[in-house]
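One file, structure_2.cif, is given below (mmCIF, C-alpha atoms).
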data_model
#
loop_
_atom_site.label_atom_id
_atom_site.label_comp_id
_atom_site.auth_asym_id
_atom_site.auth_seq_id
_atom_site.Cartn_x
_atom_site.Cartn_y
_atom_site.Cartn_z
CA MET X 184 22.29 151.88 53.69
CA GLN X 185 21.14 152.57 57.25
CA LEU X 186 22.27 150.70 60.34
CA GLU X 187 18.92 148.92 60.53
CA GLU X 188 19.43 147.63 56.99
CA LEU X 189 22.85 146.42 58.06
CA LYS X 190 21.19 144.62 60.96
CA THR X 191 18.83 142.86 58.56
CA GLU X 192 21.82 141.75 56.48
CA TRP X 193 23.55 140.55 59.64
CA GLN X 194 20.57 138.51 60.73
CA LYS X 195 20.79 136.61 57.45
CA LEU X 196 24.07 135.19 58.72
CA GLU X 197 22.09 133.28 61.31
CA ARG X 198 20.67 131.15 58.51
CA LYS X 199 24.20 130.25 57.41
CA VAL X 200 25.08 129.34 61.00
CA GLU X 201 22.06 127.07 61.21
CA LEU X 202 23.36 125.19 58.17
CA CYS X 203 26.68 124.52 59.92
CA GLU X 204 27.05 121.14 61.53
CA ASN X 205 27.40 120.91 65.30
CA LEU X 206 30.94 120.74 66.58
CA ASN X 207 31.76 117.19 67.51
CA GLU X 208 33.05 116.06 70.88
CA LYS X 209 36.40 114.91 69.50
CA LEU X 210 37.16 118.32 67.95
CA ILE X 211 36.21 120.22 71.10
CA HIS X 212 38.20 117.82 73.28
CA THR X 213 41.31 118.19 71.11
CA ILE X 214 41.07 121.99 71.18
CA ILE X 215 40.54 122.31 74.95
CA SER X 216 43.44 119.99 75.67
CA GLY X 217 45.77 122.17 73.57
CA LYS X 218 48.08 124.96 74.64
CA SER X 219 46.80 128.50 75.02
CA ASN X 220 48.23 131.37 73.00
CA TYR X 221 46.56 134.03 75.12
CA ILE X 222 49.19 136.58 76.13
CA LEU X 223 48.62 136.25 79.87
CA ASP X 224 48.75 132.46 79.64
CA GLN X 225 52.06 132.81 77.79
CA MET X 226 53.29 135.11 80.56
CA LYS X 227 52.29 132.57 83.22
CA GLN X 228 54.05 129.77 81.34
CA LYS X 229 57.21 131.87 81.27
CA HIS X 230 56.87 132.52 85.01
CA ARG X 231 56.63 128.81 85.72
CA ALA X 232 59.86 128.23 83.77
CA LEU X 233 61.61 131.08 85.64
CA LEU X 234 60.43 129.78 89.00
CA LEU X 235 61.83 126.35 88.15
CA ILE X 236 65.22 127.87 87.23
CA LEU X 237 65.25 129.92 90.44
CA PHE X 238 64.36 126.83 92.46
CA ILE X 239 67.22 124.85 90.86
CA GLU X 240 69.59 127.73 91.61
CA ILE X 241 68.54 127.78 95.26
CA ILE X 242 69.06 124.00 95.54
CA ALA X 243 72.53 124.30 93.94
CA LEU X 244 73.53 127.16 96.26
CA MET X 245 72.19 125.33 99.32
CA ALA X 246 74.20 122.28 98.29
CA VAL X 247 77.34 124.44 98.27
CA LEU X 248 76.49 125.80 101.73
CA LEU X 249 75.74 122.41 103.24
CA GLY X 250 78.21 120.20 101.39
CA ASN X 251 81.16 122.63 101.13
CA PRO X 252 82.49 121.07 97.91
CA PHE X 253 85.03 123.90 97.43
CA ASP X 254 86.66 123.51 100.85
CA PHE X 255 85.70 126.93 102.17
CA ARG X 256 87.42 127.64 105.47
CA TYR X 257 86.05 131.04 106.49
CA PHE X 258 82.49 132.20 107.06
CA ILE X 259 83.07 135.10 104.67
CA GLN X 260 83.50 132.63 101.80
CA TYR X 261 79.91 131.51 102.29
CA LEU X 262 78.61 135.07 102.36
CA PRO X 263 78.16 135.54 98.56
CA PHE X 264 76.21 132.26 98.44
CA VAL X 265 74.06 133.30 101.41
CA LEU X 266 73.41 136.67 99.77
CA LEU X 267 72.52 135.02 96.48
CA ILE X 268 70.12 132.61 98.21
CA ILE X 269 68.40 135.54 99.93
CA ILE X 270 68.18 137.54 96.65
CA ILE X 271 66.91 134.57 94.65
CA LEU X 272 64.45 133.57 97.35
CA MET X 273 63.04 137.09 97.52
CA ALA X 274 62.78 137.26 93.72
CA ALA X 275 61.11 133.82 93.60
CA ILE X 276 58.55 134.68 96.32
CA SER X 277 57.77 138.00 94.67
CA LEU X 278 57.46 136.38 91.24
CA PHE X 279 55.24 133.62 92.68
CA ARG X 280 52.93 136.20 94.28
CA PHE X 281 52.71 138.13 91.03
CA HIS X 282 52.12 134.90 89.11
CA LYS X 283 49.25 133.96 91.46
CA SER X 284 47.72 137.43 91.19
CA ILE X 285 47.31 137.21 87.43
CA ILE X 286 43.70 136.54 86.55
CA THR X 287 43.43 134.83 83.20
CA ASP X 288 39.70 134.13 83.35
CA LEU X 289 38.39 136.23 80.48
CA SER X 290 34.80 136.04 81.69
CA LYS X 291 35.51 137.93 84.91
CA ASN X 292 35.90 141.41 83.46
CA ASN X 293 34.53 143.55 80.69
CA LEU X 294 36.67 144.46 77.68
CA LYS X 295 37.96 147.75 79.06
CA ILE X 296 39.09 146.27 82.40
CA THR X 297 40.59 143.26 80.61
CA ILE X 298 42.76 145.54 78.45
CA GLN X 299 43.78 147.68 81.42
CA ASN X 300 44.66 144.58 83.47
CA ILE X 301 46.88 143.24 80.68
CA LEU X 302 48.70 146.57 80.50
CA ASN X 303 49.21 146.57 84.27
CA TYR X 304 50.48 142.99 84.24
CA PHE X 305 52.96 143.81 81.47
CA SER X 306 54.17 146.85 83.33
CA LYS X 307 54.77 144.75 86.48
CA ASN X 308 56.32 141.92 84.50
CA LYS X 309 59.10 144.20 83.24
CA VAL X 310 60.43 144.33 86.82
CA TYR X 311 60.76 140.53 86.95
CA ASP X 312 62.60 140.41 83.63
CA ALA X 313 65.06 142.92 85.10
CA TYR X 314 65.33 140.84 88.32
CA PHE X 315 66.29 137.78 86.37
CA GLY X 316 69.04 139.54 84.40
CA SER X 317 70.39 141.12 87.61
CA ILE X 318 70.46 137.75 89.41
CA SER X 319 72.44 136.17 86.57
CA LEU X 320 74.97 138.98 86.71
CA ALA X 321 75.11 138.95 90.53
CA ILE X 322 75.97 135.23 90.52
CA GLY X 323 78.84 135.87 88.14
CA LEU X 324 80.16 138.78 90.16
CA LEU X 325 79.71 137.50 93.71
CA VAL X 326 80.80 133.87 93.42
CA PRO X 327 84.49 134.60 92.52
CA TRP X 328 84.86 136.38 95.90
CA SER X 329 84.16 133.13 97.73
CA PHE X 330 87.29 131.61 96.21
CA LEU X 331 89.50 134.59 97.08
CA PRO X 332 90.72 133.36 100.52
CA ASN X 333 91.80 129.98 99.09
CA LYS X 334 93.62 131.74 96.25
CA ILE X 335 95.36 134.09 98.68
CA ASP X 336 96.47 131.10 100.75
CA ASN X 337 97.76 129.30 97.67
CA LYS X 338 99.08 132.13 95.47
CA GLY X 339 99.44 135.16 97.73
CA TRP X 340 97.53 138.48 97.90
CA GLU X 341 98.40 139.99 94.56
CA ALA X 342 97.85 136.90 92.46
CA GLY X 343 94.69 135.99 94.40
CA VAL X 344 93.05 139.40 93.98
CA THR X 345 94.19 139.67 90.33
CA ASP X 346 92.80 136.22 89.63
CA THR X 347 89.46 137.14 91.24
CA LEU X 348 89.27 140.44 89.36
CA ILE X 349 90.09 138.65 86.09
CA MET X 350 87.24 136.20 86.74
CA MET X 351 84.87 139.10 87.41
CA VAL X 352 86.00 140.93 84.27
CA ILE X 353 85.58 137.71 82.28
CA THR X 354 82.06 137.39 83.72
CA ILE X 355 81.21 140.96 82.68
CA ILE X 356 82.73 140.44 79.21
CA ILE X 357 80.83 137.18 78.71
CA TYR X 358 77.65 138.91 79.93
CA LEU X 359 78.17 141.85 77.56
CA ILE X 360 79.02 139.61 74.58
CA ALA X 361 75.98 137.47 75.32
CA PHE X 362 73.85 140.59 75.67
CA LYS X 363 75.16 142.16 72.44
CA SER X 364 74.86 138.95 70.46
CA GLY X 365 71.24 138.61 71.53
CA ALA X 366 71.64 135.56 73.74
CA PHE X 367 69.31 137.08 76.33
CA LYS X 368 66.73 137.65 73.64
CA ASN X 369 66.78 133.92 72.83
CA ARG X 370 63.40 132.35 72.10
CA ASP X 371 61.45 135.10 73.75
CA GLN X 372 62.88 137.84 71.55
CA GLU X 373 60.23 137.57 68.84
CA LYS X 374 57.43 137.02 71.32
CA LEU X 375 58.55 139.97 73.42
CA SER X 376 58.54 142.40 70.52
CA ASP X 377 55.19 141.04 69.34
CA THR X 378 53.81 141.48 72.81
CA MET X 379 55.20 145.00 72.95
CA ASN X 380 53.48 145.80 69.66
CA GLU X 381 50.30 144.28 70.96
CA TRP X 382 50.73 146.21 74.17
CA ASN X 383 51.18 149.50 72.31
CA GLU X 384 48.19 148.67 70.19
CA LEU X 385 46.10 147.99 73.29
CA GLN X 386 47.38 151.13 74.98
CA HIS X 387 46.28 153.09 71.95
CA LEU X 388 42.86 151.46 72.22
CA VAL X 389 42.61 152.33 75.92
CA HIS X 390 43.43 155.97 75.15
CA LEU X 391 40.83 155.96 72.41
CA THR X 392 38.24 154.45 74.73
CA ASP X 393 39.10 156.91 77.50
CA ASN X 394 38.94 159.88 75.17
CA HIS X 395 35.59 158.77 73.88
CA THR X 396 34.34 158.21 77.43
CA GLU X 397 35.35 161.76 78.31
CA VAL X 398 33.59 163.10 75.24
CA GLY X 399 30.53 160.92 75.95
CA MET B 77 30.85 118.74 82.93
CA GLU B 78 32.39 118.23 79.49
CA LYS B 79 29.00 117.24 78.09
CA ASN B 80 27.45 120.49 79.38
CA PHE B 81 30.31 122.45 77.88
CA ILE B 82 29.88 120.82 74.46
CA ASP B 83 26.16 121.67 74.57
CA ILE B 84 26.92 125.30 75.46
CA VAL B 85 29.54 125.58 72.70
CA ASN B 86 27.13 124.21 70.13
CA LYS B 87 24.35 126.46 71.37
CA HIS B 88 26.64 129.47 70.98
CA LYS B 89 28.65 128.37 67.95
CA GLY B 90 26.97 131.09 65.89
CA LEU B 91 28.33 133.86 68.08
CA ILE B 92 31.81 132.29 68.09
CA PHE B 93 31.76 131.98 64.29
CA LYS B 94 30.58 135.57 63.94
CA VAL B 95 33.31 136.89 66.26
CA CYS B 96 35.91 134.86 64.32
CA ASN B 97 34.58 136.25 61.04
CA MET B 98 34.54 139.77 62.43
CA TYR B 99 38.11 139.68 63.76
CA GLY B 100 39.85 137.02 61.65
CA ALA B 101 41.51 138.33 58.49
CA ASP B 102 41.65 134.96 56.76
CA ALA B 103 40.76 131.28 57.24
CA GLU B 104 43.86 130.56 59.32
CA ASP B 105 43.21 133.57 61.57
CA ARG B 106 39.61 132.53 62.07
CA LYS B 107 40.66 128.99 62.98
CA ASP B 108 43.32 130.20 65.42
CA LEU B 109 40.91 132.59 67.08
CA PHE B 110 38.22 129.92 67.25
CA GLN B 111 40.59 127.54 69.04
CA GLU B 112 41.64 130.24 71.50
CA ILE B 113 38.05 131.28 72.26
CA LEU B 114 37.08 127.67 72.92
CA LEU B 115 40.09 127.17 75.18
CA GLN B 116 39.31 130.31 77.16
CA MET B 117 35.67 129.28 77.44
CA TRP B 118 36.68 125.89 78.80
CA LYS B 119 39.06 127.45 81.33
CA SER B 120 36.37 129.82 82.46
CA PHE B 121 33.58 127.25 82.38
CA LYS B 122 35.10 125.38 85.32
CA SER B 123 34.51 128.39 87.57
CA PHE B 124 31.29 129.62 85.99
CA ARG B 125 28.72 130.07 88.76
CA GLY B 126 26.01 131.74 86.76
CA GLU B 127 26.75 135.29 87.98
CA ALA B 128 26.03 136.52 84.45
CA SER B 129 23.74 135.00 81.84
CA ILE B 130 25.40 132.28 79.79
CA SER B 131 25.03 134.44 76.69
CA THR B 132 26.78 137.45 78.31
CA TRP B 133 29.46 135.07 79.61
CA ALA B 134 30.06 133.68 76.11
CA TYR B 135 30.12 137.12 74.45
CA ARG B 136 32.51 138.45 77.09
CA ILE B 137 35.00 135.65 76.56
CA ALA B 138 34.73 135.69 72.77
CA ILE B 139 35.17 139.48 72.50
CA ASN B 140 37.85 139.75 75.20
CA THR B 141 39.81 137.00 73.46
CA ALA B 142 39.38 138.48 69.99
CA VAL B 143 40.58 141.94 71.05
CA THR B 144 43.49 140.89 73.28
CA TYR B 145 44.64 137.78 71.44
CA SER B 146 48.10 137.96 69.92
CA LYS B 147 47.64 136.32 66.55
CA LYS B 148 51.30 136.85 65.69
CA ILE B 149 52.31 134.04 68.02
CA LYS B 150 52.24 130.85 66.00
CA ARG B 151 49.99 128.23 67.50
CA ASN B 152 51.63 124.90 68.19
CA GLU B 153 50.39 122.39 65.73
CA LEU B 154 47.76 120.20 67.25
CA SER B 155 48.11 116.60 66.32
CA GLY B 156 44.40 115.88 66.16
CA SER B 157 43.26 115.36 62.59
CA SER B 158 39.83 116.64 63.64
CA VAL B 159 41.39 120.09 64.25
CA MET B 160 43.53 119.98 61.10
CA ASN B 161 40.46 119.32 58.97
CA PHE B 162 38.25 121.80 60.75
CA GLU B 163 37.52 125.21 59.23
CA VAL B 164 35.54 128.11 60.64
CA PRO B 165 32.83 128.81 58.04
CA ASP B 166 33.28 132.05 56.15
CA LEU B 167 29.90 133.56 56.90
CA MET B 168 30.52 136.63 54.79
CA GLU B 169 31.85 134.81 51.80
CA SER B 170 30.83 136.49 48.58
CA GLN B 171 28.66 134.73 46.07
CA GLU B 172 27.01 136.38 43.12
CA LYS B 173 23.57 136.57 44.65
CA GLU B 174 25.04 137.52 47.99
CA GLU B 175 26.91 140.68 47.12
CA ARG B 176 25.37 142.32 50.15
CA SER B 177 27.25 140.02 52.54
CA ALA B 178 30.56 140.80 50.84
CA TRP B 179 29.75 144.47 51.16
CA LEU B 180 28.90 143.93 54.83
CA HIS B 181 32.26 142.27 55.40
CA GLN B 182 34.14 145.02 53.63
CA ALA B 183 32.41 147.75 55.65
CA ILE B 184 32.95 146.02 59.00
CA SER B 185 36.60 145.21 58.26
CA GLN B 186 37.33 148.94 58.21
CA LEU B 187 36.24 149.44 61.81
CA ASP B 188 38.72 149.31 64.71
CA LYS B 189 38.69 146.55 67.33
CA ILE B 190 36.49 148.32 69.86
CA GLU B 191 34.08 149.51 67.19
CA LYS B 192 33.83 145.95 65.90
CA SER B 193 32.85 144.70 69.35
CA VAL B 194 30.19 147.41 69.76
CA ILE B 195 28.70 146.91 66.31
CA LEU B 196 28.76 143.13 66.69
CA LEU B 197 26.72 143.34 69.88
CA TYR B 198 24.41 145.92 68.34
CA LEU B 199 23.82 143.75 65.28
CA GLU B 200 23.20 140.80 67.60
CA ASP B 201 20.33 142.83 69.05
CA LYS B 202 21.90 143.33 72.46
CA SER B 203 20.54 146.14 74.63
CA TYR B 204 22.70 149.15 75.51
CA GLU B 205 22.93 147.76 79.06
CA GLU B 206 24.27 144.44 77.79
CA ILE B 207 26.71 146.16 75.42
CA SER B 208 27.87 148.30 78.33
CA GLU B 209 28.25 145.23 80.57
CA ILE B 210 30.36 143.38 77.99
CA THR B 211 32.53 146.23 76.71
CA GLY B 212 32.87 148.45 79.78
CA LEU B 213 31.67 151.52 77.89
CA THR B 214 29.09 153.58 79.76
CA ARG B 215 25.52 153.26 78.56
CA SER B 216 25.52 156.80 77.14
CA ASN B 217 28.89 156.16 75.51
CA VAL B 218 27.47 153.09 73.77
CA GLY B 219 24.89 155.33 72.10
CA VAL B 220 27.55 157.84 71.07
CA ARG B 221 29.72 155.03 69.76
CA ILE B 222 26.92 153.52 67.70
CA ASN B 223 26.15 156.89 66.15
CA ARG B 224 29.81 157.40 65.25
CA ILE B 225 30.02 153.94 63.73
CA LYS B 226 26.87 154.71 61.76
CA THR B 227 28.51 157.89 60.39
CA LYS B 228 31.74 156.02 59.69
CA LEU B 229 29.92 153.24 57.85
CA SER B 230 27.96 155.79 55.80
CA LYS B 231 31.27 157.35 54.73
CA ILE B 232 32.70 153.94 53.84
CA ILE B 233 29.64 153.16 51.72
CA LYS B 234 29.87 156.47 49.88
CA LEU B 235 33.52 155.87 48.98
#

Written as structure tokens, how would this file's structure read?
Amino acid sequence: MQLEELKTEWQKLERKVELCENLNEKLIHTIISGKSNYILDQMKQKHRALLLILFIEIIALMAVLLGNPFDFRYFIQYLPFVLLIIIILMAAISLFRFHKSIITDLSKNNLKITIQNILNYFSKNKVYDAYFGSISLAIGLLVPWSFLPNKIDNKGWEAGVTDTLIMMVITIIIYLIAFKSGAFKNRDQEKLSDTMNEWNELQHLVHLTDNHTEVG
Amino acid sequence: MEKNFIDIVNKHKGLIFKVCNMYGADAEDRKDLFQEILLQMWKSFKSFRGEASISTWAYRIAINTAVTYSKKIKRNELSGSSVMNFEVPDLMESQEKEERSAWLHQAISQLDKIEKSVILLYLEDKSYEEISEITGLTRSNVGVRINRIKTKLSKIIKL
């Protein structure tokens, strides 16, 4: 069978389409008011959740700075909180810019550019996943230092420093246990590996397309 | 605006069904893909200014969605009974007197994602320029691709 014969067969499908009823308004309305499964839409939804968490963290840290609920007496005690606010703010601004730069309109680009854009977005997104893990760890490691002066005043140098180090070690242990037990994978674990597979699949397609373009 | 959109969807339902049939492995896949294509069309429709023809616009969204859509992510169940009851027609369903369409489906299913998009547009009688505009392949590469698909399909048929 030649390609033209295949075309004739294909055109017969049009008759089947004509027999299909029109899609009703209710069905279309229900579908368009649903949630998208498109990978970049999923990424943007995750960004919105991360931005909300970062915003809550900034509010909580600001509350500590302004309200002094832990009776800090020295400026240095505020320093870890100030540093954390700066780090989180920078991460949030950067994430927000990246989030805004993601174009999810699938009519804007042809197939090749769409695939390449998705690959670029995924490559950039890896950085933000790393940011988020680092911020969580930084909070656990920096905050105990703020309480050191009070501990020194109350328990003395040795006990104060030991206590702070123990808290930091506990933080690292909790972080490692959580990491090993898959707590950081949480709900996104499955999605992430699926996306990675999809990503690899798309990358393979891009290589194929590029190779063919070179040959062509 | 919604009324216009519904008209456009119904005018192009054939192409959406064909893309879903081309890329969807089973009824559930076809339905999932159909929902995603419609959603993406709606999102894009709001900013559609007529830069491309409505047909090119619809093909672009349908094909871009089909190729990049992650079908492994389970779609949240939609409460609407209209969606639950809806099924994308199996255009290539085999019936005794329609063995050709089953054969067509079998041959096409063995092509890769990019090849499927090229052959779909070719079978839909799109010009090389239009195929190039939708897929991003150069015009000359479209010709090369079609010839390769032709050879590949011939091999599939002989098997």

For the interface of range 85-158 of chain B with range 285-301 of chain X (cut-off 6 Å, counting all atoms listed in the file), please tabulate each contacting residue of range 85-158 of chain B alongside its nearest pair of atoms and their separation in Å to one decimal, rows sorted by chain and increasing number, as a Markdown table.
| residue | atom | partner | partner_atom | distance |
| --- | --- | --- | --- | --- |
| B:Ser120 | CA | X:Asp288 | CA | 5.5 |
| B:Trp133 | CA | X:Ser290 | CA | 5.8 |
| B:Arg136 | CA | X:Ser290 | CA | 5.7 |
| B:Ile137 | CA | X:Ser290 | CA | 5.1 |
| B:Asn140 | CA | X:Leu294 | CA | 5.5 |

Query raised in the report: Which polymer residues have any atom within 10 Å of an atom of Gly90 in chain B, counting only C-alpha atoms, with same-chain residues fewer than 5 positions away left out, as a ChimeraX atom specification?
Result: /X:196-201,203 /B:85,95-96,167

Give me, as a compact mmCIF listing (two decimals) with C-alpha atoms, in the coordinates of the input, all polymer residues having an atom no more than 9 Å from Leu267 in chain X, counting only C-alpha atoms and skipping those fewer than 5 positions away in the same chain.
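Output file out-v6.txt follows:
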# COMPACT_ATOMS: atom_id res chain seq x y z
CA ILE X 241 68.54 127.78 95.26
CA LEU X 244 73.53 127.16 96.26
CA LEU X 262 78.61 135.07 102.36
CA LEU X 272 64.45 133.57 97.35
CA ILE X 318 70.46 137.75 89.41
CA ALA X 321 75.11 138.95 90.53
CA ILE X 322 75.97 135.23 90.52
CA LEU X 325 79.71 137.50 93.71
CA VAL X 326 80.80 133.87 93.42

Report task. Return as a ChimeraX atom specification the set of residues that the PyMOL selection byres ((chain B and resi 213) around 10) yields on the displayed structure. Result -> /X:293-295,392-393,395-396,399 /B:190,194,204-205,207-212,214-219,221

Please save C-alpha atoms of the selected residues as a compact mmCIF listing (two decimals), in the coordinates of the input.
# COMPACT_ATOMS: atom_id res chain seq x y z
CA ASN X 293 34.53 143.55 80.69
CA LEU X 294 36.67 144.46 77.68
CA LYS X 295 37.96 147.75 79.06
CA THR X 392 38.24 154.45 74.73
CA ASP X 393 39.10 156.91 77.50
CA HIS X 395 35.59 158.77 73.88
CA THR X 396 34.34 158.21 77.43
CA GLY X 399 30.53 160.92 75.95
CA ILE B 190 36.49 148.32 69.86
CA VAL B 194 30.19 147.41 69.76
CA TYR B 204 22.70 149.15 75.51
CA GLU B 205 22.93 147.76 79.06
CA ILE B 207 26.71 146.16 75.42
CA SER B 208 27.87 148.30 78.33
CA GLU B 209 28.25 145.23 80.57
CA ILE B 210 30.36 143.38 77.99
CA THR B 211 32.53 146.23 76.71
CA GLY B 212 32.87 148.45 79.78
CA THR B 214 29.09 153.58 79.76
CA ARG B 215 25.52 153.26 78.56
CA SER B 216 25.52 156.80 77.14
CA ASN B 217 28.89 156.16 75.51
CA VAL B 218 27.47 153.09 73.77
CA GLY B 219 24.89 155.33 72.10
CA ARG B 221 29.72 155.03 69.76

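CA of Arg256 in chain X is found 22.6 Å from CA of Glu240 in chain X.
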
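For the structure shown here, the set of residues caught by the PyMOL selection byres ((chain B and resi 103) around 12) is Phe93, Cys96, Asn97, Met98, Tyr99, Gly100, Ala101, Asp102, Glu104, Asp105, Arg106, Lys107, Asp108, Leu109, Phe110, Phe162, Glu163, Val164, Pro165, Asp166, Leu167, Met168 and Glu169 of chain B.
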
Query - Spatial neighbours of Leu180 in chain B, max dist 8 Å, only C-alpha atoms, sep filter under 6 positions, as a PyMOL selection string - result: (chain X and resi 189+192-193) or (chain B and resi 168)

Query - Selection result of the PyMOL selection byres ((chain X and resi 219) around 10) on this file, as an NGL selection string - result: (:X and (214-218 or 220-225 or 228)) or (:B and (111-116 or 151-152))

Kindly save the residues from that selection, with C-alpha atoms included, as a PDB file, in the coordinates of the input.
ATOM      1  CA  ILE X 214      41.070 121.990  71.180  1.00  0.00           C
ATOM      2  CA  ILE X 215      40.540 122.310  74.950  1.00  0.00           C
ATOM      3  CA  SER X 216      43.440 119.990  75.670  1.00  0.00           C
ATOM      4  CA  GLY X 217      45.770 122.170  73.570  1.00  0.00           C
ATOM      5  CA  LYS X 218      48.080 124.960  74.640  1.00  0.00           C
ATOM      6  CA  ASN X 220      48.230 131.370  73.000  1.00  0.00           C
ATOM      7  CA  TYR X 221      46.560 134.030  75.120  1.00  0.00           C
ATOM      8  CA  ILE X 222      49.190 136.580  76.130  1.00  0.00           C
ATOM      9  CA  LEU X 223      48.620 136.250  79.870  1.00  0.00           C
ATOM     10  CA  ASP X 224      48.750 132.460  79.640  1.00  0.00           C
ATOM     11  CA  GLN X 225      52.060 132.810  77.790  1.00  0.00           C
ATOM     12  CA  GLN X 228      54.050 129.770  81.340  1.00  0.00           C
TER      13      GLN X 228
ATOM     14  CA  GLN B 111      40.590 127.540  69.040  1.00  0.00           C
ATOM     15  CA  GLU B 112      41.640 130.240  71.500  1.00  0.00           C
ATOM     16  CA  ILE B 113      38.050 131.280  72.260  1.00  0.00           C
ATOM     17  CA  LEU B 114      37.080 127.670  72.920  1.00  0.00           C
ATOM     18  CA  LEU B 115      40.090 127.170  75.180  1.00  0.00           C
ATOM     19  CA  GLN B 116      39.310 130.310  77.160  1.00  0.00           C
ATOM     20  CA  ARG B 151      49.990 128.230  67.500  1.00  0.00           C
ATOM     21  CA  ASN B 152      51.630 124.900  68.190  1.00  0.00           C
TER      22      ASN B 152
END

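Every protein or nucleic acid residue with an atom no more than 12 Å from Met273 in chain X, counting all atoms listed in the file and leaving out same-chain residues fewer than 4 positions away, appears here: Leu234, Leu237, Phe238, Ile241, Leu266, Leu267, Ile268, Ile269, Ser277, Leu278, Phe279, Arg280, Tyr311, Tyr314, Phe315 and Ile318 of chain X.
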
Extending 8 Å beyond the listed atoms of range 180-193 of chain B on each side, what axis-aligned box results? I want centre and edge lengths in Å to one decimal, as lines of an AutoDock Vina configuration file.
center_x = 33.8
center_y = 145.9
center_z = 61.7
size_x = 25.8
size_y = 23.2
size_z = 32.2

Report summary line: The distance between CA of Ala138 in chain B and CA of Ile92 in chain B is 6.5 Å

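Pairwise distance (CA of Lys202 in chain B, CA of Gln182 in chain B) equals 22.5 Å.
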
Report task. Tell me, as a ChimeraX atom specification, which residues lie within 12 Å of Leu229 in chain B, counting all atoms listed in the file; anything in the same chain fewer than 4 positions away does not count. Result -> /X:184-186,188-189 /B:179-188,191-192,195,222-225,233-235
